[in-house]
Amino acid sequence: MAIFENIPQIKYEGADSKNPFAFKFYDAEKVVMGKKMKDYLPFAMAWWHNLGAAGTDMFGRDTADKSFGAEKGTMEHAKTKVDAGFEFMQKLGIEYFCFHDVDLVPEADDINITNARLDEISDYILAKMKETGIKCLWGTANMFSNPRFMNGAGSTNSADVFCFAAAQIKKALDLTVKFGGKGYVFWGGREGYETLLNTDVKFEQENIARLMHLAVDYGRKIGFTGDFYIEPKPKEPMKHQYDFDAATAIGFLRQYGLDRDFKLNIEANHATLAGHTFQHELRVSAINGMLGSIDANQGDCLLGWDTDEFPFDVYEATMCMYEVIKAGGLTGGFNFDAKNRRSSNTYEEMFEGYILGMDTFALGLIKAAKLIEDGRIDEFVKEKYSSFDTELGKKIREGNTTLEELAGHAAELKSIDTPMSGKQEKLEGILNQIMFG
Ligand code: XUL
Ligand code: CO
């Protein structure tokens, strides 16, 4: 029996449709810049939010019913979540999912029991994957919720806890490989500190790197050919998290020789928590060859924490897709690490959240393609640096000059005017014209 029996198959109806259960902009088969929309936008469902999050916040308990007809905390519930998840993805035409180990089954005190439950549920999931063609984008281990990780996982002060982290990663990698997942994520929720009075930063960072190396060695041994990802986030839950932002994570990966196996999973709301735009984080990743995957969501600058809202800001999605197109697409995908607001507590709203997010990114793709095809922004940027196309400019770019030679050139010029103007307002006007023209 269907769980979402009142929800129809969600189809593309176009921008004039008033049907809440239809896409206005996401037209999976439509070709944009030489590729189908669905190939530019491999969307994924986040198991934890969509099938788990029920509106609990610091001040109140669940508002939504995510029991899907079974008692929570049982294997029967784990199975009804699978049923709900696959029905949900099929109805929206979502081809991927992402999971943590403990999203799939209730965690037991004894890790052997948890692992046996994971074996059972993963067989059930695998059968559904075969039946529907739905795939796994990435897997991960939750190394932040259980009290044993209170001082971190890789960064813990306890060698025994380090072993539990290793055990969870091993199992989550086994599952990722079983599902044919494209990636494996490390989000270091507890890898950080509250105060330096009790923290050996160097030791903790080295241990995190050791754990990642062990994960890579094991993953490659069992046939995982995909990318490992770090998902940067500056804070929350910790005051200071080591994977602060893209630049910090890239530096870490290079320092510890992990950059060949790892890329980044960039989350919009984490970017803004780090004081950056989403686009900035994508650009930094892309120019370093590290743009792997995206956690598609949106924060709220008036709140200042990780609100994980469904993305509706079309400017932000446009600039995201501008970076993605320029980077030649993603090897990963777009995981909606997003949840309904506490007061959006019906099944209908689970669908409305995804329809909003998918339409926002479809619009972003359409507008970004238009911006690139229009060409004025790219032309301007090229022009802005054109003085480096001169003979002297080339010498600088190619490293064929000396400080004395450049100083000599400056002395000949005696003085110069300001360089070419930045034209920010004109460019913002072009962006608005593309958005609304
Ligand atoms: C937390 C977050 C996580 C990761 C996976 O802010 O984004 O859900 O995506 O652990
Ligand atoms: Co995330």
# chains A, B, ... in the order shown; residues from 1 in each chain; ligands from 1
>>> residues_around(residues="A:His49", least_positions_apart="4", cutoff="8 Å", atoms="only C-alpha atoms", output="ChimeraX atom specification")
/A:53,337-339
>>> closest_atom_pairs(of="chain A", to="ligand 1", cutoff="7 Å", atoms="only C-alpha atoms and all ligand atoms", output="Markdown table")
| residue | atom | partner | partner_atom_place_in_ligand_line | distance |
| --- | --- | --- | --- | --- |
| A:His100 | CA | ligand 1 | 10 (O) | 6.8 |
| A:Thr140 | CA | ligand 1 | 10 (O) | 6.5 |
| A:Asn142 | CA | ligand 1 | 10 (O) | 6.3 |
| A:Val185 | CA | ligand 1 | 5 (C) | 6.9 |
| A:Phe186 | CA | ligand 1 | 10 (O) | 6.8 |
| A:Trp187 | CA | ligand 1 | 10 (O) | 4.9 |
| A:Gly189 | CA | ligand 1 | 1 (C) | 6.8 |
| A:Glu231 | CA | ligand 1 | 9 (O) | 6.8 |
| A:Glu267 | CA | ligand 1 | 7 (O) | 6.8 |
| A:Asp295 | CA | ligand 1 | 9 (O) | 6.6 |
| A:Asp306 | CA | ligand 1 | 6 (O) | 6.5 |
| A:Asp337 | CA | ligand 1 | 9 (O) | 6.2 |
>>> closest_atom_pairs(of="chain A", to="ligand 2", cutoff="9 Å", atoms="only C-alpha atoms and all ligand atoms", output="JSON lines")
{"residue": "A:Ala46", "atom": "CA", "partner": "ligand 2", "partner_atom_place_in_ligand_line": "1 (Co)", "distance": 8.8}
{"residue": "A:Trp187", "atom": "CA", "partner": "ligand 2", "partner_atom_place_in_ligand_line": "1 (Co)", "distance": 7.4}
{"residue": "A:Glu231", "atom": "CA", "partner": "ligand 2", "partner_atom_place_in_ligand_line": "1 (Co)", "distance": 6.8}
{"residue": "A:Pro232", "atom": "CA", "partner": "ligand 2", "partner_atom_place_in_ligand_line": "1 (Co)", "distance": 8.8}
{"residue": "A:Lys233", "atom": "CA", "partner": "ligand 2", "partner_atom_place_in_ligand_line": "1 (Co)", "distance": 8.7}
{"residue": "A:Asn265", "atom": "CA", "partner": "ligand 2", "partner_atom_place_in_ligand_line": "1 (Co)", "distance": 7.9}
{"residue": "A:Ile266", "atom": "CA", "partner": "ligand 2", "partner_atom_place_in_ligand_line": "1 (Co)", "distance": 7.8}
{"residue": "A:Glu267", "atom": "CA", "partner": "ligand 2", "partner_atom_place_in_ligand_line": "1 (Co)", "distance": 5.7}
{"residue": "A:Ala268", "atom": "CA", "partner": "ligand 2", "partner_atom_place_in_ligand_line": "1 (Co)", "distance": 8.7}
{"residue": "A:Asn269", "atom": "CA", "partner": "ligand 2", "partner_atom_place_in_ligand_line": "1 (Co)", "distance": 8.5}
{"residue": "A:His270", "atom": "CA", "partner": "ligand 2", "partner_atom_place_in_ligand_line": "1 (Co)", "distance": 7.9}
{"residue": "A:Ile294", "atom": "CA", "partner": "ligand 2", "partner_atom_place_in_ligand_line": "1 (Co)", "distance": 8.3}
{"residue": "A:Asp295", "atom": "CA", "partner": "ligand 2", "partner_atom_place_in_ligand_line": "1 (Co)", "distance": 5.3}
{"residue": "A:Ala296", "atom": "CA", "partner": "ligand 2", "partner_atom_place_in_ligand_line": "1 (Co)", "distance": 8.1}
{"residue": "A:Asn297", "atom": "CA", "partner": "ligand 2", "partner_atom_place_in_ligand_line": "1 (Co)", "distance": 8.5}
{"residue": "A:Asp308", "atom": "CA", "partner": "ligand 2", "partner_atom_place_in_ligand_line": "1 (Co)", "distance": 8.4}
{"residue": "A:Asn335", "atom": "CA", "partner": "ligand 2", "partner_atom_place_in_ligand_line": "1 (Co)", "distance": 8.0}
{"residue": "A:Phe336", "atom": "CA", "partner": "ligand 2", "partner_atom_place_in_ligand_line": "1 (Co)", "distance": 8.3}
{"residue": "A:Asp337", "atom": "CA", "partner": "ligand 2", "partner_atom_place_in_ligand_line": "1 (Co)", "distance": 5.3}
{"residue": "A:Ala338", "atom": "CA", "partner": "ligand 2", "partner_atom_place_in_ligand_line": "1 (Co)", "distance": 8.4}
>>> write_last_selection(atoms="N, CA, C and O atoms", output="JSON list (two decimals), in the first residue's frame")
[["chain", "number", "residue", "atom", "x", "y", "z"],
["A", 46, "ALA", "N", 18.10, 13.23, 1.09],
["A", 46, "ALA", "CA", 18.85, 13.00, 2.33],
["A", 46, "ALA", "C", 17.96, 12.19, 3.27],
["A", 46, "ALA", "O", 16.92, 12.67, 3.72],
["A", 187, "TRP", "N", 31.83, 14.49, 7.30],
["A", 187, "TRP", "CA", 31.47, 15.79, 7.87],
["A", 187, "TRP", "C", 31.90, 15.75, 9.33],
["A", 187, "TRP", "O", 31.40, 14.95, 10.12],
["A", 231, "GLU", "N", 33.20, 17.61, 3.97],
["A", 231, "GLU", "CA", 32.13, 18.63, 3.88],
["A", 231, "GLU", "C", 32.46, 19.73, 4.89],
["A", 231, "GLU", "O", 32.26, 19.55, 6.10],
["A", 232, "PRO", "N", 33.00, 20.85, 4.42],
["A", 232, "PRO", "CA", 33.42, 21.88, 5.38],
["A", 232, "PRO", "C", 32.24, 22.54, 6.09],
["A", 232, "PRO", "O", 31.16, 22.67, 5.53],
["A", 233, "LYS", "N", 32.49, 22.90, 7.34],
["A", 233, "LYS", "CA", 31.52, 23.67, 8.14],
["A", 233, "LYS", "C", 32.31, 24.34, 9.26],
["A", 233, "LYS", "O", 33.11, 23.67, 9.91],
["A", 265, "ASN", "N", 32.52, 18.34, -0.55],
["A", 265, "ASN", "CA", 31.07, 18.39, -0.66],
["A", 265, "ASN", "C", 30.67, 19.73, -0.05],
["A", 265, "ASN", "O", 30.77, 19.93, 1.16],
["A", 266, "ILE", "N", 30.25, 20.65, -0.90],
["A", 266, "ILE", "CA", 29.99, 22.02, -0.45],
["A", 266, "ILE", "C", 28.51, 22.21, -0.13],
["A", 266, "ILE", "O", 27.65, 21.96, -0.97],
["A", 267, "GLU", "N", 28.26, 22.66, 1.09],
["A", 267, "GLU", "CA", 26.87, 22.91, 1.51],
["A", 267, "GLU", "C", 26.63, 24.41, 1.61],
["A", 267, "GLU", "O", 27.40, 25.14, 2.25],
["A", 268, "ALA", "N", 25.53, 24.85, 1.00],
["A", 268, "ALA", "CA", 25.23, 26.29, 0.94],
["A", 268, "ALA", "C", 25.17, 26.93, 2.32],
["A", 268, "ALA", "O", 25.79, 27.97, 2.57],
["A", 269, "ASN", "N", 24.46, 26.31, 3.23],
["A", 269, "ASN", "CA", 24.29, 26.90, 4.56],
["A", 269, "ASN", "C", 25.60, 26.91, 5.35],
["A", 269, "ASN", "O", 25.84, 27.81, 6.16],
["A", 270, "HIS", "N", 26.49, 25.96, 5.09],
["A", 270, "HIS", "CA", 27.79, 25.97, 5.76],
["A", 270, "HIS", "C", 28.65, 27.10, 5.24],
["A", 270, "HIS", "O", 29.43, 27.69, 5.99],
["A", 294, "ILE", "N", 27.49, 18.60, -3.92],
["A", 294, "ILE", "CA", 26.85, 19.76, -3.29],
["A", 294, "ILE", "C", 25.75, 19.29, -2.34],
["A", 294, "ILE", "O", 24.96, 18.41, -2.68],
["A", 295, "ASP", "N", 25.71, 19.90, -1.15],
["A", 295, "ASP", "CA", 24.55, 19.75, -0.27],
["A", 295, "ASP", "C", 23.69, 20.99, -0.48],
["A", 295, "ASP", "O", 24.05, 22.10, -0.06],
["A", 296, "ALA", "N", 22.58, 20.79, -1.17],
["A", 296, "ALA", "CA", 21.75, 21.91, -1.64],
["A", 296, "ALA", "C", 20.76, 22.28, -0.53],
["A", 296, "ALA", "O", 19.86, 21.50, -0.21],
["A", 297, "ASN", "N", 20.96, 23.44, 0.03],
["A", 297, "ASN", "CA", 20.00, 23.96, 1.01],
["A", 297, "ASN", "C", 20.20, 25.46, 1.10],
["A", 297, "ASN", "O", 20.87, 26.06, 0.24],
["A", 308, "ASP", "N", 19.18, 24.74, 7.45],
["A", 308, "ASP", "CA", 18.91, 23.68, 6.47],
["A", 308, "ASP", "C", 17.55, 23.83, 5.78],
["A", 308, "ASP", "O", 16.75, 22.89, 5.75],
["A", 335, "ASN", "N", 22.55, 16.97, -3.21],
["A", 335, "ASN", "CA", 21.84, 16.31, -2.13],
["A", 335, "ASN", "C", 21.05, 17.36, -1.35],
["A", 335, "ASN", "O", 21.64, 18.31, -0.83],
["A", 336, "PHE", "N", 19.74, 17.18, -1.27],
["A", 336, "PHE", "CA", 18.95, 18.15, -0.49],
["A", 336, "PHE", "C", 19.13, 17.88, 1.00],
["A", 336, "PHE", "O", 18.35, 17.16, 1.61],
["A", 337, "ASP", "N", 20.20, 18.47, 1.53],
["A", 337, "ASP", "CA", 20.41, 18.39, 2.98],
["A", 337, "ASP", "C", 19.54, 19.49, 3.59],
["A", 337, "ASP", "O", 20.02, 20.49, 4.11],
["A", 338, "ALA", "N", 18.24, 19.27, 3.47],
["A", 338, "ALA", "CA", 17.26, 20.31, 3.82],
["A", 338, "ALA", "C", 16.07, 19.66, 4.51],
["A", 338, "ALA", "O", 15.75, 18.50, 4.25]]
>>> closest_residue(among="A:Ile416, A:Ala116, A:Ile430, A:Val284", to="A:Ala271", atoms="only C-alpha atoms")
A:Val284
>>> select_by_dssp(residues="stretch 24-204 of chain A", states="strand (DSSP E)", output="ChimeraX atom specification")
/A:31-32,35-36,43-46,96-100,135-140,183-186,192-193
>>> write_last_selection(atoms="C-alpha atoms", output="mmCIF file, in the first residue's frame")
data_model
loop_
_atom_site.group_PDB
_atom_site.id
_atom_site.type_symbol
_atom_site.label_atom_id
_atom_site.label_comp_id
_atom_site.auth_asym_id
_atom_site.auth_seq_id
_atom_site.Cartn_x
_atom_site.Cartn_y
_atom_site.Cartn_z
ATOM 1 C CA VAL A 31 18.302 20.037 -22.802
ATOM 2 C CA VAL A 32 20.216 23.018 -21.402
ATOM 3 C CA LYS A 35 22.878 18.252 -21.437
ATOM 4 C CA LYS A 36 19.565 17.071 -20.046
ATOM 5 C CA PHE A 43 19.268 15.262 -7.243
ATOM 6 C CA ALA A 44 19.473 13.189 -4.100
ATOM 7 C CA MET A 45 17.220 12.654 -1.098
ATOM 8 C CA ALA A 46 18.854 12.996 2.335
ATOM 9 C CA TYR A 96 19.807 9.184 -5.807
ATOM 10 C CA PHE A 97 19.835 9.041 -2.035
ATOM 11 C CA CYS A 98 22.422 9.804 0.666
ATOM 12 C CA PHE A 99 22.566 8.177 4.093
ATOM 13 C CA HIS A 100 24.343 7.921 7.438
ATOM 14 C CA LYS A 135 21.082 4.829 -6.951
ATOM 15 C CA CYS A 136 23.216 5.871 -4.008
ATOM 16 C CA LEU A 137 25.020 9.215 -4.247
ATOM 17 C CA TRP A 138 27.036 8.922 -1.047
ATOM 18 C CA GLY A 139 27.203 7.293 2.307
ATOM 19 C CA THR A 140 28.662 8.418 5.603
ATOM 20 C CA GLY A 183 31.066 9.048 -2.875
ATOM 21 C CA TYR A 184 31.837 8.782 0.812
ATOM 22 C CA VAL A 185 31.516 11.858 3.042
ATOM 23 C CA PHE A 186 33.343 13.029 6.126
ATOM 24 C CA GLY A 192 36.952 20.716 16.589
ATOM 25 C CA TYR A 193 37.182 22.344 19.978
#
>>> closest_residue(among="A:Cys320, A:Thr272, A:Asp174, A:Leu403", to="A:Asp300", atoms="only C-alpha atoms")
A:Thr272
>>> closest_residue(among="A:Asp123, A:Glu323, A:Asp245, A:Asp27", to="A:Ala286", atoms="only C-alpha atoms")
A:Glu323
>>> residues_around(residues="A:Ala54", least_positions_apart="6", cutoff="9 Å", atoms="only C-alpha atoms", output="ChimeraX atom specification")
/A:61-66,339-340,342,345
>>> write_last_selection(atoms="all heavy atoms", output="PDB file, in the first residue's frame")
ATOM      1  N   ARG A  61       9.128  19.053  21.143  1.00  0.00           N
ATOM      2  CA  ARG A  61       9.265  17.725  20.529  1.00  0.00           C
ATOM      3  C   ARG A  61       8.671  17.712  19.114  1.00  0.00           C
ATOM      4  O   ARG A  61       8.243  18.731  18.587  1.00  0.00           O
ATOM      5  CB  ARG A  61       8.616  16.677  21.428  1.00  0.00           C
ATOM      6  CG  ARG A  61       7.147  16.895  21.710  1.00  0.00           C
ATOM      7  CD  ARG A  61       6.597  15.774  22.610  1.00  0.00           C
ATOM      8  NE  ARG A  61       5.166  15.907  22.773  1.00  0.00           N
ATOM      9  CZ  ARG A  61       4.595  16.666  23.713  1.00  0.00           C
ATOM     10  NH1 ARG A  61       5.330  17.358  24.546  1.00  0.00           N
ATOM     11  NH2 ARG A  61       3.284  16.748  23.783  1.00  0.00           N
ATOM     12  N   ASP A  62       8.645  16.499  18.535  1.00  0.00           N
ATOM     13  CA  ASP A  62       8.207  16.328  17.135  1.00  0.00           C
ATOM     14  C   ASP A  62       6.860  16.988  16.844  1.00  0.00           C
ATOM     15  O   ASP A  62       5.941  16.928  17.665  1.00  0.00           O
ATOM     16  CB  ASP A  62       8.033  14.836  16.833  1.00  0.00           C
ATOM     17  CG  ASP A  62       9.359  14.100  16.737  1.00  0.00           C
ATOM     18  OD1 ASP A  62      10.408  14.743  16.869  1.00  0.00           O
ATOM     19  OD2 ASP A  62       9.328  12.874  16.519  1.00  0.00           O
ATOM     20  N   THR A  63       6.770  17.556  15.662  1.00  0.00           N
ATOM     21  CA  THR A  63       5.467  18.050  15.198  1.00  0.00           C
ATOM     22  C   THR A  63       4.964  17.208  14.032  1.00  0.00           C
ATOM     23  O   THR A  63       3.776  17.212  13.735  1.00  0.00           O
ATOM     24  CB  THR A  63       5.578  19.509  14.717  1.00  0.00           C
ATOM     25  OG1 THR A  63       6.636  19.582  13.747  1.00  0.00           O
ATOM     26  CG2 THR A  63       5.870  20.455  15.872  1.00  0.00           C
ATOM     27  N   ALA A  64       5.885  16.533  13.336  1.00  0.00           N
ATOM     28  CA  ALA A  64       5.484  15.736  12.160  1.00  0.00           C
ATOM     29  C   ALA A  64       5.499  14.256  12.535  1.00  0.00           C
ATOM     30  O   ALA A  64       6.267  13.830  13.402  1.00  0.00           O
ATOM     31  CB  ALA A  64       6.453  15.992  11.012  1.00  0.00           C
ATOM     32  N   ASP A  65       4.675  13.498  11.862  1.00  0.00           N
ATOM     33  CA  ASP A  65       4.637  12.060  12.100  1.00  0.00           C
ATOM     34  C   ASP A  65       5.472  11.363  11.023  1.00  0.00           C
ATOM     35  O   ASP A  65       5.082  11.302   9.860  1.00  0.00           O
ATOM     36  CB  ASP A  65       3.178  11.572  12.060  1.00  0.00           C
ATOM     37  CG  ASP A  65       3.082  10.060  12.261  1.00  0.00           C
ATOM     38  OD1 ASP A  65       4.109   9.442  12.636  1.00  0.00           O
ATOM     39  OD2 ASP A  65       1.987   9.517  12.035  1.00  0.00           O
ATOM     40  N   LYS A  66       6.638  10.868  11.436  1.00  0.00           N
ATOM     41  CA  LYS A  66       7.469  10.133  10.472  1.00  0.00           C
ATOM     42  C   LYS A  66       7.548   8.658  10.864  1.00  0.00           C
ATOM     43  O   LYS A  66       8.543   7.986  10.624  1.00  0.00           O
ATOM     44  CB  LYS A  66       8.857  10.773  10.385  1.00  0.00           C
ATOM     45  CG  LYS A  66       8.827  12.226   9.869  1.00  0.00           C
ATOM     46  CD  LYS A  66       9.416  12.382   8.500  1.00  0.00           C
ATOM     47  CE  LYS A  66       9.153  13.763   7.922  1.00  0.00           C
ATOM     48  NZ  LYS A  66      10.336  14.547   7.645  1.00  0.00           N
ATOM     49  N   LYS A 339      15.447  20.417   5.371  1.00  0.00           N
ATOM     50  CA  LYS A 339      14.286  19.858   6.073  1.00  0.00           C
ATOM     51  C   LYS A 339      13.161  20.883   6.116  1.00  0.00           C
ATOM     52  O   LYS A 339      13.389  22.098   6.059  1.00  0.00           O
ATOM     53  CB  LYS A 339      14.674  19.423   7.477  1.00  0.00           C
ATOM     54  CG  LYS A 339      15.207  20.548   8.339  1.00  0.00           C
ATOM     55  CD  LYS A 339      15.585  20.042   9.725  1.00  0.00           C
ATOM     56  CE  LYS A 339      16.107  21.186  10.571  1.00  0.00           C
ATOM     57  NZ  LYS A 339      17.367  20.954  11.224  1.00  0.00           N
ATOM     58  N   ASN A 340      11.957  20.348   6.250  1.00  0.00           N
ATOM     59  CA  ASN A 340      10.804  21.238   6.377  1.00  0.00           C
ATOM     60  C   ASN A 340      10.894  22.027   7.676  1.00  0.00           C
ATOM     61  O   ASN A 340      11.490  21.580   8.654  1.00  0.00           O
ATOM     62  CB  ASN A 340       9.502  20.419   6.390  1.00  0.00           C
ATOM     63  CG  ASN A 340       9.173  19.857   5.032  1.00  0.00           C
ATOM     64  OD1 ASN A 340       9.253  18.655   4.803  1.00  0.00           O
ATOM     65  ND2 ASN A 340       8.813  20.719   4.102  1.00  0.00           N
ATOM     66  N   ARG A 342       9.511  23.503  11.174  1.00  0.00           N
ATOM     67  CA  ARG A 342       8.801  22.781  12.253  1.00  0.00           C
ATOM     68  C   ARG A 342       7.289  22.820  12.073  1.00  0.00           C
ATOM     69  O   ARG A 342       6.582  21.873  12.403  1.00  0.00           O
ATOM     70  CB  ARG A 342       9.198  23.424  13.587  1.00  0.00           C
ATOM     71  CG  ARG A 342       8.540  22.843  14.806  1.00  0.00           C
ATOM     72  CD  ARG A 342       9.208  23.410  16.064  1.00  0.00           C
ATOM     73  NE  ARG A 342       8.350  23.285  17.234  1.00  0.00           N
ATOM     74  CZ  ARG A 342       8.176  22.161  17.928  1.00  0.00           C
ATOM     75  NH1 ARG A 342       8.794  21.065  17.551  1.00  0.00           N
ATOM     76  NH2 ARG A 342       7.388  22.127  18.975  1.00  0.00           N
ATOM     77  N   ASN A 345       4.315  20.424   8.738  1.00  0.00           N
ATOM     78  CA  ASN A 345       4.429  19.081   9.314  1.00  0.00           C
ATOM     79  C   ASN A 345       3.563  18.008   8.650  1.00  0.00           C
ATOM     80  O   ASN A 345       3.246  17.005   9.272  1.00  0.00           O
ATOM     81  CB  ASN A 345       4.127  19.144  10.815  1.00  0.00           C
ATOM     82  CG  ASN A 345       2.715  19.626  11.092  1.00  0.00           C
ATOM     83  OD1 ASN A 345       2.066  20.154  10.199  1.00  0.00           O
ATOM     84  ND2 ASN A 345       2.244  19.450  12.306  1.00  0.00           N
TER      85      ASN A 345
END
>>> residues_around(residues="A:Val161", least_positions_apart="5", cutoff="8 Å", atoms="only C-alpha atoms", output="short mmCIF file (atom, residue, chain, number, x, y, z; two decimals) with all heavy atoms, in the first residue's frame")
data_model
loop_
_atom_site.label_atom_id
_atom_site.label_comp_id
_atom_site.auth_asym_id
_atom_site.auth_seq_id
_atom_site.Cartn_x
_atom_site.Cartn_y
_atom_site.Cartn_z
N ARG A 148 29.55 8.86 22.86
CA ARG A 148 30.97 8.48 22.87
C ARG A 148 31.81 9.47 22.03
O ARG A 148 33.01 9.59 22.22
CB ARG A 148 31.16 7.05 22.37
CG ARG A 148 30.78 6.78 20.94
CD ARG A 148 31.10 5.33 20.53
NE ARG A 148 30.52 4.98 19.25
CZ ARG A 148 29.37 4.31 19.10
NH1 ARG A 148 28.68 3.93 20.14
NH2 ARG A 148 28.90 4.04 17.89
N PHE A 149 31.14 10.18 21.11
CA PHE A 149 31.88 11.12 20.25
C PHE A 149 31.88 12.55 20.82
O PHE A 149 32.12 13.50 20.09
CB PHE A 149 31.30 11.12 18.83
CG PHE A 149 31.46 9.78 18.14
CD1 PHE A 149 30.35 9.09 17.68
CD2 PHE A 149 32.72 9.24 17.95
CE1 PHE A 149 30.50 7.86 17.04
CE2 PHE A 149 32.88 8.01 17.32
CZ PHE A 149 31.76 7.32 16.86
N ALA A 153 35.63 12.35 16.90
CA ALA A 153 35.77 10.98 16.39
C ALA A 153 37.25 10.76 16.07
O ALA A 153 37.98 10.21 16.89
CB ALA A 153 34.88 10.78 15.17
N THR A 156 39.21 12.52 18.83
CA THR A 156 38.91 12.16 20.23
C THR A 156 40.19 11.98 21.07
O THR A 156 41.26 11.69 20.53
CB THR A 156 38.09 10.86 20.29
OG1 THR A 156 37.76 10.57 21.64
CG2 THR A 156 38.86 9.68 19.72
#
>>> residues_around(residues="A:Gly422", least_positions_apart="2", cutoff="10 Å", atoms="only C-alpha atoms", output="list in words")
Phe380, Val381, Lys384, Pro419, Met420, Gln424, Glu425, Lys426 and Leu427 of chain A
>>> write_last_selection(atoms="C-alpha atoms", output="PDB file, in the first residue's frame")
ATOM      1  CA  PHE A 380      34.127  41.754 -18.930  1.00  0.00           C
ATOM      2  CA  VAL A 381      36.230  39.534 -16.688  1.00  0.00           C
ATOM      3  CA  LYS A 384      39.512  43.284 -16.806  1.00  0.00           C
ATOM      4  CA  PRO A 419      43.380  50.475 -13.227  1.00  0.00           C
ATOM      5  CA  MET A 420      40.302  49.577 -15.247  1.00  0.00           C
ATOM      6  CA  GLN A 424      30.057  46.166 -10.347  1.00  0.00           C
ATOM      7  CA  GLU A 425      26.755  48.013 -10.732  1.00  0.00           C
ATOM      8  CA  LYS A 426      26.693  47.517 -14.489  1.00  0.00           C
ATOM      9  CA  LEU A 427      27.337  43.784 -14.064  1.00  0.00           C
TER      10      LEU A 427
END
>>> decode(residues="stretch 272-287 of chain A", atoms="C-alpha atoms", output="mmCIF file, in the first residue's frame")
data_model
loop_
_atom_site.group_PDB
_atom_site.id
_atom_site.type_symbol
_atom_site.label_atom_id
_atom_site.label_comp_id
_atom_site.auth_asym_id
_atom_site.auth_seq_id
_atom_site.Cartn_x
_atom_site.Cartn_y
_atom_site.Cartn_z
ATOM 1 C CA THR A 272 27.277 31.326 4.808
ATOM 2 C CA LEU A 273 28.085 30.228 8.374
ATOM 3 C CA ALA A 274 31.757 30.575 7.389
ATOM 4 C CA GLY A 275 31.107 34.141 6.285
ATOM 5 C CA HIS A 276 31.317 33.272 2.597
ATOM 6 C CA THR A 277 28.831 33.080 -0.204
ATOM 7 C CA PHE A 278 27.889 29.646 -1.542
ATOM 8 C CA GLN A 279 29.437 30.742 -4.840
ATOM 9 C CA HIS A 280 32.738 31.609 -3.156
ATOM 10 C CA GLU A 281 33.048 28.126 -1.682
ATOM 11 C CA LEU A 282 32.210 26.544 -5.027
ATOM 12 C CA ARG A 283 34.745 28.717 -6.845
ATOM 13 C CA VAL A 284 37.529 27.966 -4.352
ATOM 14 C CA SER A 285 36.801 24.244 -4.690
ATOM 15 C CA ALA A 286 36.565 24.332 -8.473
ATOM 16 C CA ILE A 287 39.795 26.250 -9.125
#
